[in-house]
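Participant: This is the content of entry_24.cif (mmCIF, C-alpha atoms):
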```cif
data_data
loop_
_atom_site.label_atom_id
_atom_site.label_comp_id
_atom_site.auth_asym_id
_atom_site.auth_seq_id
_atom_site.Cartn_x
_atom_site.Cartn_y
_atom_site.Cartn_z
CA MET A 25 49.59 65.03 -132.04
CA LYS A 26 47.87 66.75 -134.98
CA LYS A 27 49.75 66.78 -138.26
CA ILE A 28 49.44 70.03 -140.19
CA SER A 29 49.65 71.15 -143.82
CA LEU A 30 50.00 74.92 -144.22
CA LEU A 31 49.32 76.98 -147.35
CA GLY A 32 50.78 80.50 -147.43
CA ALA A 33 53.38 79.92 -144.75
CA THR A 34 55.40 83.11 -145.24
CA GLY A 35 52.43 85.49 -145.28
CA SER A 36 51.10 87.28 -142.20
CA ILE A 37 48.73 84.53 -141.00
CA GLY A 38 51.04 81.75 -142.13
CA TRP A 39 54.00 83.20 -140.24
CA GLN A 40 51.94 83.55 -137.06
CA THR A 41 50.85 79.93 -137.55
CA TYR A 42 54.54 79.02 -137.77
CA ASP A 43 55.10 80.86 -134.48
CA ILE A 44 52.49 78.64 -132.84
CA LEU A 45 53.80 75.43 -134.40
CA LYS A 46 57.37 75.99 -133.21
CA GLU A 47 56.13 76.79 -129.67
CA GLN A 48 53.65 73.88 -129.48
CA ARG A 49 55.70 70.97 -130.78
CA ASP A 50 54.08 68.51 -128.37
CA ALA A 51 50.66 69.32 -129.88
CA PHE A 52 51.36 69.88 -133.59
CA GLN A 53 53.71 68.67 -136.30
CA LEU A 54 54.12 70.52 -139.61
CA VAL A 55 54.41 67.91 -142.38
CA ALA A 56 54.00 70.13 -145.45
CA PHE A 57 53.86 73.82 -146.30
CA SER A 58 53.76 76.18 -149.26
CA SER A 59 55.48 79.54 -149.52
CA GLY A 60 55.86 82.09 -152.29
CA LYS A 61 59.20 83.61 -153.20
CA ASN A 62 60.52 84.37 -149.72
CA LEU A 63 63.33 81.84 -149.53
CA GLU A 64 64.79 83.28 -146.33
CA LYS A 65 61.64 82.53 -144.36
CA THR A 66 61.21 79.23 -146.20
CA ARG A 67 64.67 78.09 -145.12
CA GLU A 68 64.00 79.11 -141.52
CA MET A 69 60.82 77.05 -141.41
CA ILE A 70 62.52 74.06 -143.01
CA GLU A 71 65.40 74.12 -140.54
CA THR A 72 63.17 74.68 -137.50
CA LEU A 73 60.28 72.28 -138.19
CA LYS A 74 61.75 69.84 -140.74
CA PRO A 75 58.67 69.15 -142.89
CA GLU A 76 58.45 66.32 -145.40
CA LEU A 77 57.18 68.42 -148.34
CA VAL A 78 57.66 72.08 -149.33
CA SER A 79 56.13 73.93 -152.28
CA VAL A 80 57.39 77.28 -153.58
CA GLN A 81 56.09 79.50 -156.35
CA LEU A 82 58.91 79.09 -158.89
CA GLU A 83 60.45 75.92 -160.29
CA GLU A 84 63.98 77.32 -160.13
CA ASP A 85 63.58 78.00 -156.39
CA ALA A 86 62.35 74.44 -155.86
CA LEU A 87 65.46 73.11 -157.64
CA THR A 88 67.74 75.36 -155.58
CA LEU A 89 66.21 74.26 -152.28
CA ALA A 90 66.27 70.58 -153.31
CA LYS A 91 70.06 70.78 -153.59
CA GLU A 92 70.32 72.38 -150.14
CA TYR A 93 67.92 69.97 -148.40
CA PRO A 94 68.18 66.57 -150.12
CA ASN A 95 66.02 64.81 -147.51
CA ILE A 96 62.97 66.99 -148.20
CA GLN A 97 60.65 66.78 -151.21
CA PHE A 98 60.14 70.04 -153.13
CA THR A 99 57.46 71.04 -155.60
CA PHE A 100 56.16 74.32 -157.04
CA GLY A 101 53.28 76.32 -158.49
CA ALA A 102 49.56 75.55 -158.43
CA LYS A 103 50.27 71.82 -158.55
CA GLY A 104 52.43 72.22 -155.46
CA LEU A 105 49.61 73.86 -153.50
CA VAL A 106 47.41 70.82 -154.12
CA GLU A 107 50.22 68.44 -153.17
CA VAL A 108 50.74 70.26 -149.86
CA ALA A 109 47.01 70.40 -149.16
CA THR A 110 46.57 66.68 -149.81
CA HIS A 111 49.72 65.38 -148.10
CA PRO A 112 48.80 61.85 -146.95
CA ASP A 113 50.10 62.34 -143.40
CA SER A 114 48.32 65.62 -142.57
CA THR A 115 44.94 65.70 -140.84
CA VAL A 116 44.46 69.50 -140.77
CA LEU A 117 44.94 71.97 -143.63
CA VAL A 118 45.52 75.61 -142.69
CA ASN A 119 44.64 77.69 -145.75
CA ALA A 120 46.40 81.03 -145.26
CA VAL A 121 47.15 81.94 -148.88
CA LEU A 122 45.94 85.25 -150.24
CA GLY A 123 43.43 85.35 -153.05
CA SER A 124 41.44 82.77 -154.93
CA VAL A 125 44.49 80.54 -155.60
CA GLY A 126 43.58 78.56 -152.48
CA LEU A 127 40.29 77.28 -153.88
CA GLU A 128 41.32 74.15 -155.80
CA SER A 129 43.70 72.95 -153.09
CA THR A 130 41.03 73.40 -150.42
CA LEU A 131 38.50 71.37 -152.38
CA ALA A 132 41.12 68.65 -152.93
CA ALA A 133 41.87 68.50 -149.19
CA ILE A 134 38.16 68.27 -148.34
CA ARG A 135 37.79 65.28 -150.68
CA MET A 136 40.56 63.56 -148.70
CA GLY A 137 38.65 64.15 -145.46
CA LYS A 138 41.00 66.70 -143.92
CA THR A 139 39.80 69.28 -141.40
CA ILE A 140 40.04 72.77 -142.92
CA ALA A 141 41.22 75.70 -140.82
CA ILE A 142 40.42 78.54 -143.20
CA ALA A 143 41.97 81.99 -143.15
CA ASN A 144 41.51 82.50 -146.88
CA LYS A 145 38.45 84.72 -147.33
CA GLU A 146 38.39 84.47 -151.09
CA THR A 147 37.82 80.70 -151.14
CA LEU A 148 34.53 81.04 -149.26
CA VAL A 149 33.51 84.29 -150.97
CA THR A 150 33.94 83.06 -154.54
CA ALA A 151 32.97 79.40 -154.08
CA GLY A 152 31.30 79.05 -150.71
CA HIS A 153 28.48 76.96 -152.16
CA LEU A 154 30.98 74.45 -153.57
CA VAL A 155 33.15 74.33 -150.44
CA MET A 156 30.28 73.81 -148.00
CA ALA A 157 28.58 71.24 -150.23
CA GLU A 158 31.80 69.23 -150.46
CA ALA A 159 32.42 69.59 -146.71
CA LYS A 160 28.94 68.23 -146.01
CA LYS A 161 29.40 65.38 -148.50
CA TYR A 162 32.74 64.30 -147.02
CA LYS A 163 31.77 65.13 -143.39
CA VAL A 164 34.63 67.59 -143.05
CA ALA A 165 34.79 70.38 -140.45
CA ILE A 166 35.44 73.93 -141.72
CA LEU A 167 36.99 75.86 -138.81
CA PRO A 168 37.32 79.66 -139.11
CA VAL A 169 40.68 81.31 -138.45
CA ASP A 170 39.56 84.93 -138.96
CA SER A 171 39.25 86.54 -135.53
CA GLU A 172 35.65 87.64 -136.25
CA HIS A 173 34.40 84.25 -137.41
CA SER A 174 36.30 82.45 -134.68
CA ALA A 175 34.54 84.76 -132.21
CA ILE A 176 31.14 83.90 -133.70
CA PHE A 177 32.02 80.20 -133.72
CA GLN A 178 33.05 80.33 -130.07
CA SER A 179 29.94 82.35 -129.11
CA MET A 180 27.75 79.67 -130.73
CA ASN A 181 29.37 76.74 -128.91
CA GLY A 182 26.70 74.70 -127.14
CA GLU A 183 23.84 76.80 -128.54
CA ASN A 184 21.06 75.84 -130.93
CA PRO A 185 21.51 77.81 -134.18
CA LYS A 186 17.72 78.20 -134.54
CA ASN A 187 17.76 80.51 -131.51
CA ILE A 188 20.11 83.04 -133.14
CA GLU A 189 18.60 86.46 -133.81
CA ARG A 190 21.63 88.00 -135.55
CA LEU A 191 25.40 87.96 -135.93
CA ILE A 192 27.29 91.16 -135.17
CA ILE A 193 30.73 91.47 -136.78
CA THR A 194 32.96 94.17 -135.33
CA ALA A 195 35.21 96.41 -137.43
CA SER A 196 38.08 98.61 -136.27
CA GLY A 197 37.48 101.10 -139.10
CA GLY A 198 40.99 100.67 -140.47
CA SER A 199 43.71 103.22 -141.13
CA PHE A 200 41.33 106.05 -142.16
CA ARG A 201 38.46 105.66 -139.72
CA ASP A 202 38.75 109.32 -138.62
CA LYS A 203 38.81 110.72 -142.17
CA THR A 204 35.92 111.77 -144.40
CA ARG A 205 35.65 110.64 -148.04
CA GLU A 206 36.81 114.10 -149.06
CA GLN A 207 39.95 113.75 -146.95
CA LEU A 208 40.80 110.43 -148.62
CA LYS A 209 41.45 111.94 -152.06
CA HIS A 210 45.20 112.27 -151.59
CA VAL A 211 46.14 109.58 -149.04
CA THR A 212 49.26 107.53 -149.81
CA VAL A 213 50.00 103.82 -149.75
CA ALA A 214 52.08 104.33 -146.59
CA ASP A 215 49.12 106.06 -144.93
CA ALA A 216 46.81 103.18 -145.83
CA LEU A 217 49.20 100.52 -144.51
CA ASN A 218 49.35 102.10 -141.05
CA HIS A 219 46.66 100.06 -139.25
CA PRO A 220 45.88 101.26 -135.70
CA ASN A 221 45.27 97.84 -134.08
CA TRP A 222 46.40 94.83 -136.10
CA SER A 223 49.61 93.62 -137.74
CA MET A 224 48.52 92.20 -141.11
CA GLY A 225 49.70 91.83 -144.68
CA ALA A 226 49.46 94.73 -147.16
CA LYS A 227 46.41 93.49 -149.06
CA ILE A 228 44.34 92.81 -145.93
CA THR A 229 45.37 96.15 -144.43
CA ILE A 230 44.13 98.01 -147.52
CA ASP A 231 40.93 95.96 -147.45
CA SER A 232 40.49 97.02 -143.84
CA ALA A 233 40.84 100.68 -144.82
CA THR A 234 38.22 100.39 -147.60
CA MET A 235 36.08 98.09 -145.40
CA MET A 236 36.02 95.46 -148.16
CA ASN A 237 37.68 93.21 -145.60
CA LYS A 238 34.52 93.44 -143.52
CA GLY A 239 32.35 92.96 -146.58
CA LEU A 240 34.15 89.72 -147.36
CA GLU A 241 33.68 88.67 -143.73
CA VAL A 242 29.92 89.28 -143.99
CA ILE A 243 29.79 86.95 -147.00
CA GLU A 244 31.96 84.40 -145.17
CA ALA A 245 29.63 84.53 -142.16
CA HIS A 246 26.66 83.90 -144.44
CA VAL A 247 28.43 80.85 -145.88
CA LEU A 248 29.92 79.43 -142.67
CA PHE A 249 26.91 79.86 -140.42
CA ASP A 250 24.06 79.65 -142.97
CA MET A 251 22.73 83.03 -141.83
CA PRO A 252 20.63 85.40 -144.01
CA TYR A 253 22.30 88.72 -144.86
CA ASP A 254 19.51 90.61 -143.12
CA LYS A 255 20.67 88.98 -139.87
CA ILE A 256 24.34 89.90 -140.23
CA ASP A 257 25.32 93.37 -138.98
CA VAL A 258 28.63 95.23 -138.86
CA LEU A 259 29.47 97.43 -135.88
CA LEU A 260 32.37 99.89 -135.71
CA HIS A 261 34.44 99.11 -132.60
CA ARG A 262 37.66 101.08 -132.40
CA GLU A 263 39.57 99.01 -129.84
CA SER A 264 39.23 95.55 -131.48
CA ILE A 265 38.66 93.97 -128.08
CA ILE A 266 35.24 92.44 -128.80
CA HIS A 267 35.92 90.36 -131.89
CA SER A 268 32.26 89.65 -132.71
CA LEU A 269 28.94 88.93 -131.01
CA VAL A 270 25.93 86.63 -131.37
CA GLU A 271 22.49 87.85 -130.30
CA TYR A 272 19.83 85.26 -129.42
CA HIS A 273 16.02 85.39 -129.48
CA ASP A 274 15.84 85.93 -125.72
CA THR A 275 17.93 89.16 -126.12
CA SER A 276 21.06 87.53 -124.65
CA VAL A 277 24.24 88.59 -126.44
CA ILE A 278 27.32 86.38 -126.24
CA ALA A 279 30.67 87.81 -127.32
CA GLN A 280 34.28 86.70 -127.48
CA LEU A 281 36.81 89.21 -126.16
CA GLY A 282 40.59 89.35 -126.20
CA THR A 283 43.61 91.42 -127.10
CA PRO A 284 44.20 91.93 -130.86
CA ASP A 285 46.40 88.87 -131.45
CA MET A 286 45.74 86.65 -134.48
CA ARG A 287 47.58 83.77 -132.83
CA VAL A 288 44.54 83.25 -130.56
CA PRO A 289 42.03 82.27 -133.30
CA ILE A 290 44.75 80.43 -135.25
CA GLN A 291 45.66 78.27 -132.25
CA TYR A 292 42.00 77.70 -131.37
CA ALA A 293 41.32 76.35 -134.87
CA LEU A 294 44.34 74.05 -134.57
CA SER A 295 43.55 72.77 -131.08
CA TYR A 296 39.72 72.60 -131.41
CA PRO A 297 37.75 71.20 -129.61
CA ASP A 298 40.41 71.62 -126.92
CA ARG A 299 42.18 74.78 -125.74
CA ILE A 300 45.87 74.94 -124.92
CA PRO A 301 47.87 77.78 -123.30
CA LEU A 302 49.07 80.46 -125.72
CA GLN A 303 52.79 81.03 -125.36
CA ASN A 304 53.62 84.71 -124.65
CA GLY A 305 49.95 85.70 -124.97
CA GLN A 306 48.87 89.05 -123.55
CA ARG A 307 46.05 88.88 -121.00
CA LEU A 308 43.06 91.16 -121.44
CA ASN A 309 42.91 93.87 -118.75
CA LEU A 310 39.56 95.64 -119.05
CA ALA A 311 40.24 97.91 -116.08
CA GLN A 312 43.36 99.18 -117.82
CA ILE A 313 41.48 99.70 -121.10
CA GLY A 314 38.74 101.57 -119.24
CA GLN A 315 36.28 102.17 -122.10
CA LEU A 316 35.10 100.49 -125.27
CA HIS A 317 33.54 102.49 -128.11
CA PHE A 318 30.94 101.56 -130.72
CA GLN A 319 29.11 103.27 -133.55
CA GLU A 320 26.85 102.34 -136.45
CA MET A 321 28.41 101.55 -139.79
CA ASP A 322 28.11 104.27 -142.45
CA PHE A 323 27.59 102.68 -145.88
CA GLU A 324 28.11 106.04 -147.63
CA ARG A 325 31.50 106.43 -145.98
CA TYR A 326 32.42 102.82 -146.79
CA PRO A 327 30.87 101.95 -150.18
CA ALA A 328 32.92 98.74 -150.48
CA LEU A 329 30.89 97.28 -147.61
CA ARG A 330 27.65 98.19 -149.41
CA LEU A 331 28.94 96.55 -152.59
CA ALA A 332 29.78 93.35 -150.69
CA TYR A 333 26.27 93.14 -149.23
CA GLU A 334 24.81 93.71 -152.71
CA ALA A 335 26.97 90.99 -154.25
CA GLY A 336 26.23 88.62 -151.39
CA ARG A 337 22.47 89.00 -151.77
CA MET A 338 22.73 88.40 -155.52
CA GLY A 339 25.02 85.38 -155.23
CA GLY A 340 26.56 83.66 -158.23
CA THR A 341 29.54 84.83 -160.24
CA ILE A 342 29.18 88.46 -159.20
CA LEU A 343 30.87 87.42 -155.96
CA THR A 344 33.87 86.20 -157.96
CA ALA A 345 33.87 89.34 -160.10
CA MET A 346 33.70 91.60 -157.04
CA ASN A 347 36.50 89.74 -155.28
CA ALA A 348 38.78 89.62 -158.34
CA ALA A 349 38.14 93.30 -159.08
CA ASN A 350 39.04 94.16 -155.50
CA GLU A 351 42.26 92.12 -155.56
CA ALA A 352 43.33 93.68 -158.86
CA ALA A 353 42.37 97.20 -157.78
CA VAL A 354 44.22 96.90 -154.45
CA ALA A 355 47.31 95.66 -156.31
CA ALA A 356 47.03 98.65 -158.67
CA PHE A 357 46.78 101.03 -155.70
CA LEU A 358 49.82 99.46 -154.01
CA GLN A 359 51.71 99.93 -157.30
CA GLY A 360 50.70 103.60 -157.49
CA LYS A 361 48.53 103.16 -160.60
CA ILE A 362 45.24 104.35 -159.05
CA THR A 363 44.21 106.43 -156.05
CA PHE A 364 42.72 105.01 -152.87
CA LEU A 365 39.18 106.12 -153.74
CA GLU A 366 39.45 104.55 -157.17
CA ILE A 367 39.54 101.10 -155.55
CA ASP A 368 35.82 101.32 -154.69
CA GLU A 369 35.00 102.95 -158.02
CA THR A 370 36.75 100.18 -159.98
CA ILE A 371 34.89 97.44 -158.11
CA GLU A 372 31.53 99.13 -158.69
CA ARG A 373 32.17 99.57 -162.42
CA VAL A 374 33.04 95.89 -162.75
CA MET A 375 29.94 94.81 -160.84
CA GLN A 376 27.63 97.03 -162.89
CA ALA A 377 28.93 95.51 -166.15
CA HIS A 378 28.96 91.90 -164.96
CA GLN A 379 26.59 89.31 -166.48
CA ASN A 380 25.76 87.16 -163.48
CA ILE A 381 25.61 83.35 -163.51
CA ALA A 382 23.52 82.14 -160.58
CA VAL A 383 25.06 78.74 -159.68
CA PRO A 384 28.54 78.52 -161.20
CA ASP A 385 30.75 75.44 -161.25
CA LEU A 386 34.47 75.56 -160.45
CA GLN A 387 35.60 76.14 -164.04
CA THR A 388 33.16 79.03 -164.46
CA ILE A 389 34.40 80.61 -161.24
CA LEU A 390 38.03 80.34 -162.34
CA HIS A 391 37.18 81.76 -165.77
CA VAL A 392 35.30 84.76 -164.33
CA ASP A 393 38.15 85.38 -161.89
CA SER A 394 40.73 85.43 -164.68
CA GLU A 395 38.65 87.57 -167.06
CA THR A 396 37.79 90.11 -164.35
CA ARG A 397 41.45 90.63 -163.53
CA LYS A 398 42.17 91.31 -167.21
CA ILE A 399 39.33 93.84 -167.31
CA VAL A 400 40.72 95.70 -164.31
CA LEU A 401 44.25 95.68 -165.74
CA ASP A 402 42.88 97.35 -168.89
CA MET A 403 41.00 99.89 -166.77
CA VAL A 404 44.03 100.97 -164.72
CA LYS A 405 46.59 101.25 -167.55
#
```
Turn the structure described in the file into structure tokens.
Facilitator:
Amino acid sequence: MKKISLLGATGSIGWQTYDILKEQRDAFQLVAFSSGKNLEKTREMIETLKPELVSVQLEEDALTLAKEYPNIQFTFGAKGLVEVATHPDSTVLVNAVLGSVGLESTLAAIRMGKTIAIANKETLVTAGHLVMAEAKKYKVAILPVDSEHSAIFQSMNGENPKNIERLIITASGGSFRDKTREQLKHVTVADALNHPNWSMGAKITIDSATMMNKGLEVIEAHVLFDMPYDKIDVLLHRESIIHSLVEYHDTSVIAQLGTPDMRVPIQYALSYPDRIPLQNGQRLNLAQIGQLHFQEMDFERYPALRLAYEAGRMGGTILTAMNAANEAAVAAFLQGKITFLEIDETIERVMQAHQNIAVPDLQTILHVDSETRKIVLDMVK
């Protein structure tokens, strides 16, 4: 039985991980998890899976829960994330928190030799060089949870990486894939959150609409698979059936297909190198689907994807600045402070003004992240 620590338990990926853990109790045991402020979901997870350690965002919530569950240890804040990630009994850390807050806890878990199942894009985008160096040093496996990177990982199984010609990441196109830039001027938050294929959290759904989500995935693929940016392509695929593809020198293309269900890559990362049946999983019926559609990616239509490629090729702290600017701009859009199109514009302004540092350490990354958020807050007042 694998013992699991879970960061971001009450978010979209975390809650789907919880769904797997409660259905697969013979295979996995949850020993520690972190949640934010959602005490209703936190209580449900505690009562269902009975972990040893729980971290919440606020100290007062930790004190409240400690009175209700005296046999469980409670902690809170950034310190709590590290405590969950480094719980002595866990062997696998699932990092499903949103944003760059997952970075320090992930590095701490790597140094304790834990396998990392990573669903947190920002950790690899802002500090991929640190994460992969530490993983190599401590001989730790980094297993992707994103459906696209899981698909690439599965399509590379048993193959020699030197034979890869290119990676092809598929993109649904998000909520506004049938709209022109002109038509996006007056879209609402509710419009943006209406994703055609996937059930995801608000931030990721907005990132999908701007295509920054795919830009972050390109950078992740570069980090995870040590692939040059010129060999990573993005392909618009409306149905989200082919989750990504790997092309080899001999022109063979290997892909991973399945219904749009995030529980599949989550469970694969947990059970790897084995596979176990997915409870209540929907089988793929290609005859019923009938057709799959593809088209080239338009960088003029989706400038956030262009910006991500530019930042990726530059490397350094501009990756942190781009990511922090995006997080802050998306939050401002969700709060009604800026328009949808101003998300891209804000990110580009930040990148143009940024003084890049080529090989940053952890403290530099955290400083740039914090300062960039302040800059965006001043911009959107």
Participant: For the structure provided, state which residues fall under the PyMOL selection byres ((chain A and resi 81-84) around 8), and present them as a PyMOL selection string.
Facilitator: chain A and resi 59-61+79-80+85-88+99-102
Participant: Spell out the residues picked by the PyMOL selection byres ((chain A and resi 130-147) around 9) here, as a PyMOL selection string.
Facilitator: chain A and resi 37+106+109-112+114-129+148-152+154-155+158-159+161-170+237+240-241+243-244+290+293-294+344+347-348
Participant: Could you list, as a PyMOL selection string, every residue matched by the PyMOL selection byres ((chain A and resi 269) around 6) in this structure?
Facilitator: chain A and resi 192+268+270+278-279
Participant: I need every residue sitting at most 10 Å from the point (28.0, 83.6, -141.4) (coordinates as in the file, all atoms listed in the file considered), written as a list in words.
Facilitator: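 Nearby residues: His173, Ile176, Phe177, Arg190, Leu191, Ile192, Ile193, Glu241, Val242, Ile243, Glu244, Ala245, His246, Val247, Leu248, Phe249, Asp250, Met251, Pro252, Tyr253, Lys255 and Ile256 of chain A.
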Participant: Counting all atoms listed in the file, what is within 7 Å of range 381-388 of chain A, bar same-chain residues fewer than 4 positions away, as JSON, numbers by chain?
Facilitator: {"A": [339, 340, 341, 392]}
Participant: Using the selection just defined, write its residues with C-alpha atoms as a tab-separated table (two decimals), in the frame of the given file.
Facilitator:
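Below you can see again10.tsv, which holds the result:
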```tsv
chain	number	residue	atom	x	y	z
A	339	GLY	CA	25.02	85.38	-155.23
A	340	GLY	CA	26.56	83.66	-158.23
A	341	THR	CA	29.54	84.83	-160.24
A	392	VAL	CA	35.30	84.76	-164.33
```
Participant: In Å to one decimal, how far is CA of Glu334 in chain A from CA of Met375 in chain A?
Facilitator: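 According to the coordinates, CA of Met375 in chain A and CA of Glu334 in chain A are separated by 9.7 Å.
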Participant: Would you compute the distance between CA of Trp39 in chain A and CA of Lys65 in chain A? Give it in Å to one decimal.
Facilitator: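 Taking CA of Trp39 in chain A and CA of Lys65 in chain A, their separation equals 8.7 Å.
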Participant: Which polymer residues, protein or nucleic acid, are no farther than 10 Å from (56.4, 70.8, -138.9), counting all atoms listed in the file, as a compact mmCIF listing (two decimals) with C-alpha atoms, in the coordinates of the input?
Facilitator:
```
# COMPACT_ATOMS: atom_id res chain seq x y z
CA LYS A 27 49.75 66.78 -138.26
CA ILE A 28 49.44 70.03 -140.19
CA SER A 29 49.65 71.15 -143.82
CA LEU A 30 50.00 74.92 -144.22
CA TYR A 42 54.54 79.02 -137.77
CA LEU A 45 53.80 75.43 -134.40
CA LYS A 46 57.37 75.99 -133.21
CA ARG A 49 55.70 70.97 -130.78
CA PHE A 52 51.36 69.88 -133.59
CA GLN A 53 53.71 68.67 -136.30
CA LEU A 54 54.12 70.52 -139.61
CA VAL A 55 54.41 67.91 -142.38
CA ALA A 56 54.00 70.13 -145.45
CA PHE A 57 53.86 73.82 -146.30
CA MET A 69 60.82 77.05 -141.41
CA ILE A 70 62.52 74.06 -143.01
CA GLU A 71 65.40 74.12 -140.54
CA THR A 72 63.17 74.68 -137.50
CA LEU A 73 60.28 72.28 -138.19
CA LYS A 74 61.75 69.84 -140.74
CA PRO A 75 58.67 69.15 -142.89
CA GLU A 76 58.45 66.32 -145.40
CA LEU A 77 57.18 68.42 -148.34
```
Participant: As an exercise, work out the distance from CA of Glu351 in chain A to CA of Ile367 in chain A in Å and give it to one decimal place.
Facilitator: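 A separation of 9.4 Å between them.
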Participant: Could you work out an axis-aligned box for range 252-255 of chain A, taking every atom the file lists and adding 4 Å on each side, and report centre and edge lengths in Å to one decimal, as AutoDock Vina command-line options?
Facilitator:
```
--center_x 20.9 --center_y 88.0 --center_z -142.4 --size_x 10.8 --size_y 13.2 --size_z 13.0
```
Participant: Would you please work out which residue, of A:Leu259, A:Ile230, A:Leu343, A:Val400, is nearest to Glu320 in chain A when using all atoms listed in the file?
Facilitator: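 Using all atoms listed in the file, Glu320 in chain A sits closest to A:Leu259.
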Participant: Taking only C-alpha atoms into account, which of A:Gly282, A:Ile399, A:Glu366, A:Lys160 comes nearest Ile313 in chain A?
Facilitator: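 For Ile313 in chain A, the nearest of the given residues is A:Gly282.
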